[in-house]
Amino acid sequence: MTATLHVERLGIRFGGLVALEDVSFSVAPGSIHAVIGPNGAGKTTLINLITGLYRPTSGRMLLDGAPLSGLASHRIAARGVARSFQNTELFTELTARENVLAGLHRHLHYGLAETVLRLPRWRHAEREAAAQAEALLARVGLADQAEVAAGDLALGQQRRLELARALATGPRLLLLDEPAAGLRAAEAEDLVRVLRDLRDTLGLAILLVDHVMRVVMQVSDRITVLHHGRLLADDLPEAIRRNPQVIAAYLGGAPHAA
Amino acid sequence: MPRALLLLALAGLVLLPFQAPSHITYLVALIGTTTVIVAGLAIVVGLAGQISIAQAGFAAIGAYGSAQLANWYGLPYWLGLPAAALVAALVGYLFGLLSLRVADHYLALTSMAFCAILQLLLVHLEDWTGGAVGLAVPPATLGGFTLDKPVQLYAFIMPCAVFATWLLNSLRHAKLGRAFAALRMSEVGAAAVGIPVLHHKALAFALSAFLGAWGGGLFALQTTYLDPAQFGILESVRLIAIAVIGGLLNPLGPAIGATIFVLLPEMMGGFGRYMTLVFSLALLACLVLAPAGLGGVVHRLWKRA
Ligand SMILES: Nc1ncnc2c1ncn2[C@@H]1O[C@H](COP(=O)(O)OP(=O)(O)OP(=O)(O)O)[C@@H](O)[C@H]1O
Ligand SMILES: [Mg+2]
């Protein structure tokens with residue numbers, strides 16, 4: 001079976017700084033794949049490469065076997081890659097519902113004339129979108145916050161809203177950048193449940209970047225470890241936990257180590 | 001309640017020319033014209049968050065374009081005006097694509113330069129524009145009738161102003177308006193959900209230019225004489241001031257701002273020469289005290305009531 005995401009000898013440098021070098025791994029369909037590593041290891045950079053925010057200086061990325069390299073961000077999103085951001089990138093003045101509706105942008109098919117004249121095509125599309133937004137907000141537990149401006153939500157809620165907005169695009173690959181950071185224990189448990197649910201009911205492949213080992217070890221089907229921009233290990237969670245190199249470089253000293 | 005008020009205002013607009021003296025009708029139509037031009041700014045500056053100091057230039061394209069299409073080819077306004085506005089929209093789209101190379105303040109400066117260049121062209125391409133002397137605008141005709149009375153122009157202009165306001169309102173409940181708002185707040189966020197950011201910035205400029213040119217064409221019919229001095233950077237800045245004072249994110253903002261800016265000089269009589277000062281102070285006060293503009297204040301009062 002072709003991997004949902006296949007990263008091959010990927011590298012990028014910023015001036016003299018080598019942020020990623022020679023990184024290869026695959027995310028299997030319908031799996032949760034964690035990428036961990038110390039601060040500055042290149043995890044966010046990896047997500048920015050996959051989503052077209054950065055151009056790789058070497059290597060390539062394949063989504064279901066088709067190359068992603070060189071495509072603009074919005075085209076990569078159209079291929080079915082959605083993401084969240086380490087420091088959320090919500091549309092802060094829009095309500096939670098409008099944020100999700102913005103995520104549905106590509107799935108709304110009507111023009112400006114139909115909007116201005118309030119024709120049935122506009123009305124039906126918007127009504128259906130509103131129902132979808134409602135369902136997505138409920139899925140992440142924000143049904144009651146639909147009318148609240150995204151910027152006024154608590155941090156944990158903003159993270160969940162960003163997840164709902166990402167899901168609205170209808171992805172097959174979801175990239176999450178530290179969704180558990182700063183969450184309370186109960187919220188982290190919720191997150192674990194939501195991630196499993198997305199994998200099992202929607203069949204999503206999820207690439208999860210996080211430092212919170214309790215979450216990572218619970219949900220991951222496979223784990224890739226980055227260190228100084230290089231691949232340190234790529235294995236099953238149990239093996240990663242026992243890997244002496246990983247323990248020395250990351251797990252041993254990490255504050256959240258399980 | 002707000003809906004009833006709006007309907008009342010609309011009824012007032014319909015009845016006004018039957019009751020009011022013609023110079024009042026003229027002034028209200030001038031408010032209408034200004035509303036159309038400023039509605040364009042509400043889209044590009046308010047919704048999409050791209051500062052444009054080029055709106056007077058786009059108004060010039062509509063004014064000179066529709067006038068010369070009538071002068072040269074005898075093209076009636078109901079064809080010439082849309083044609084000029086479409087050309088302006090195309091120019092606006094291409095200008096918006098520049099945002100790939102220049103962003104934020106530099107884009108604002110570029111739009112200012114664009115406006116200055118257009119004005120220079122108006123002055124120096126004398127054979128095409130009448131140059132610094134100006135250009136007489138032929139009156140609009142409809143089936144052999146000449147439309148030049150204030151009431152006739154009023155009947156043509158006010159529906160355009162209502163339409164522009166309706167367009168702003170519609171954008172709030174549509175993918176296009178949400179895409180504009182999204183890219184204003186986070187370009188990476190917008191791109192990440194599949195919104196082509198550059199295309200939508202250019203679209204915002206195109207829509208803005210279209211409305212600017214449409215309003216400019218209406219303005220030409222009202223003043224009957226075009227002078228390049230009317231379409232400079234200062235006029236662009238005045239239009240931005242109207243947009244800001246009216247309220248950038250309120251669909252009624254352009255109409256509110258235009259009403260104040262058109263009526264105030266009339267009521268000030270001899271103090272008219274201090275207008276620039278008054279407006280500068282008003283703009284300053286607005287930015288400090290009511291960043292959402294007067295439209296925002298009205299909105300808050302409505303909510304409280
Ligand atoms: N746009 C950029 N320009 C220059 N250097 C960058 C850029 N983006 C990332 N880097 C550098 O690349 C390296 C990897 O950064 P990255 O943000 O990917 O780390 P990370 O693994 O996500 O760390 P953290 O756990 O702190 O989020 C860092 O040294 C960072 O300074
Ligand atoms: Mg990071």
# chains A, B, ... in the order shown; residues from 1 in each chain; ligands from 1
$ closest_atom_pairs --of "chain A" --to "ligand 1" --cutoff "6 Å" --atoms "only C-alpha atoms and all ligand atoms" --output "tab-separated table"
residue	atom	partner	partner_atom_place_in_ligand_line	distance
A:Phe14	CA	ligand 1	4 (C)	5.0
A:Ala19	CA	ligand 1	12 (O)	4.3
A:Pro38	CA	ligand 1	25 (O)	5.8
A:Asn39	CA	ligand 1	25 (O)	3.6
A:Gly40	CA	ligand 1	19 (O)	3.4
A:Ala41	CA	ligand 1	21 (O)	3.8
A:Gly42	CA	ligand 1	18 (O)	3.2
A:Lys43	CA	ligand 1	21 (O)	3.7
A:Thr44	CA	ligand 1	22 (O)	3.6
A:Thr45	CA	ligand 1	18 (O)	3.6
$ write_last_selection --atoms "C-alpha atoms" --output "JSON list (two decimals), in the first residue's frame"
[["chain", "number", "residue", "atom", "x", "y", "z"],
["A", 14, "PHE", "CA", 18.32, 28.89, 6.08],
["A", 19, "ALA", "CA", 17.37, 23.08, 9.76],
["A", 38, "PRO", "CA", 14.11, 18.61, 21.35],
["A", 39, "ASN", "CA", 13.43, 22.30, 20.75],
["A", 40, "GLY", "CA", 14.85, 23.43, 17.46],
["A", 41, "ALA", "CA", 15.04, 19.88, 16.10],
["A", 42, "GLY", "CA", 13.17, 20.93, 12.97],
["A", 43, "LYS", "CA", 9.66, 19.60, 13.67],
["A", 44, "THR", "CA", 7.76, 22.79, 12.77],
["A", 45, "THR", "CA", 10.09, 23.27, 9.82]]
$ residues_around --residues "Leu171 (chain B)" --least-positions-apart "4" --cutoff "12 Å" --atoms "only C-alpha atoms" --output "JSON, numbers by chain"
{"A": [111, 112, 113, 114, 115, 116, 117, 118, 122], "B": [39, 42, 43, 46, 47, 48, 164, 165, 166, 167, 175, 176, 177, 178, 179, 180, 181, 204, 207, 249, 250, 251]}
$ select_by_dssp --residues "region 34-124 of chain A" --states "helix (DSSP H, G or I)" --output "ChimeraX atom specification"
/A:43-50,73-78,96-103,105-107,112-116,120-124
$ interface_residues --of "chain A" --to "chain B" --cutoff "10 Å" --atoms "only C-alpha atoms" --output "PyMOL selection string"
chain A and resi 51-53+72-85+88-94+98-118+122-123+125-126+162+165-171
$ residues_around --residues "region 172-180 of chain A" --least-positions-apart "4" --cutoff "9 Å" --atoms "only C-alpha atoms" --output "ChimeraX atom specification"
/A:4-5,29-30,43-44,47,50-51,63,79-87,156,159-160,163,166-167,184,187-188,191,202-212,215
$ write_last_selection --atoms "C-alpha atoms" --output "short mmCIF file (atom, residue, chain, number, x, y, z; two decimals), in the first residue's frame"
data_model
loop_
_atom_site.label_atom_id
_atom_site.label_comp_id
_atom_site.auth_asym_id
_atom_site.auth_seq_id
_atom_site.Cartn_x
_atom_site.Cartn_y
_atom_site.Cartn_z
CA THR A 4 -0.22 8.62 2.63
CA LEU A 5 2.85 10.77 3.10
CA PRO A 29 -2.73 5.50 5.71
CA GLY A 30 -5.06 5.76 8.67
CA LYS A 43 9.66 19.60 13.67
CA THR A 44 7.76 22.79 12.77
CA ILE A 47 5.37 20.73 8.75
CA ILE A 50 5.01 19.64 3.77
CA THR A 51 2.45 22.47 3.60
CA LEU A 63 1.22 12.51 -1.02
CA ARG A 79 -4.75 18.01 -2.28
CA GLY A 80 -6.05 17.12 1.16
CA VAL A 81 -3.37 18.27 3.58
CA ALA A 82 -4.62 20.26 6.57
CA ARG A 83 -2.70 21.57 9.55
CA SER A 84 -2.74 23.38 12.83
CA PHE A 85 -0.09 25.88 13.93
CA GLN A 86 2.16 25.87 16.97
CA ASN A 87 1.05 29.45 17.68
CA GLY A 156 -7.33 25.08 24.63
CA ARG A 159 -6.51 24.71 19.53
CA ARG A 160 -9.72 22.74 19.13
CA LEU A 163 -8.62 21.44 14.52
CA ALA A 166 -8.60 21.99 9.50
CA LEU A 167 -11.16 19.16 9.40
CA ARG A 184 -4.56 20.43 31.46
CA GLU A 187 -7.98 18.28 28.22
CA ALA A 188 -5.08 16.12 27.11
CA LEU A 191 -7.39 15.27 22.82
CA LEU A 202 -12.60 9.21 9.28
CA GLY A 203 -9.58 7.08 8.43
CA LEU A 204 -7.33 10.13 8.60
CA ALA A 205 -3.59 9.89 8.61
CA ILE A 206 -2.29 12.18 11.33
CA LEU A 207 1.21 13.54 11.74
CA LEU A 208 1.47 14.64 15.34
CA VAL A 209 4.25 16.87 16.63
CA ASP A 210 4.33 17.14 20.39
CA HIS A 211 6.48 17.25 23.49
CA VAL A 212 3.83 15.79 25.79
CA VAL A 215 -0.13 11.86 24.76
#
$ atom_distance --atom1 "CA of Val162 (chain B)" --atom2 "CA of Ile61 (chain B)"
21.9 Å
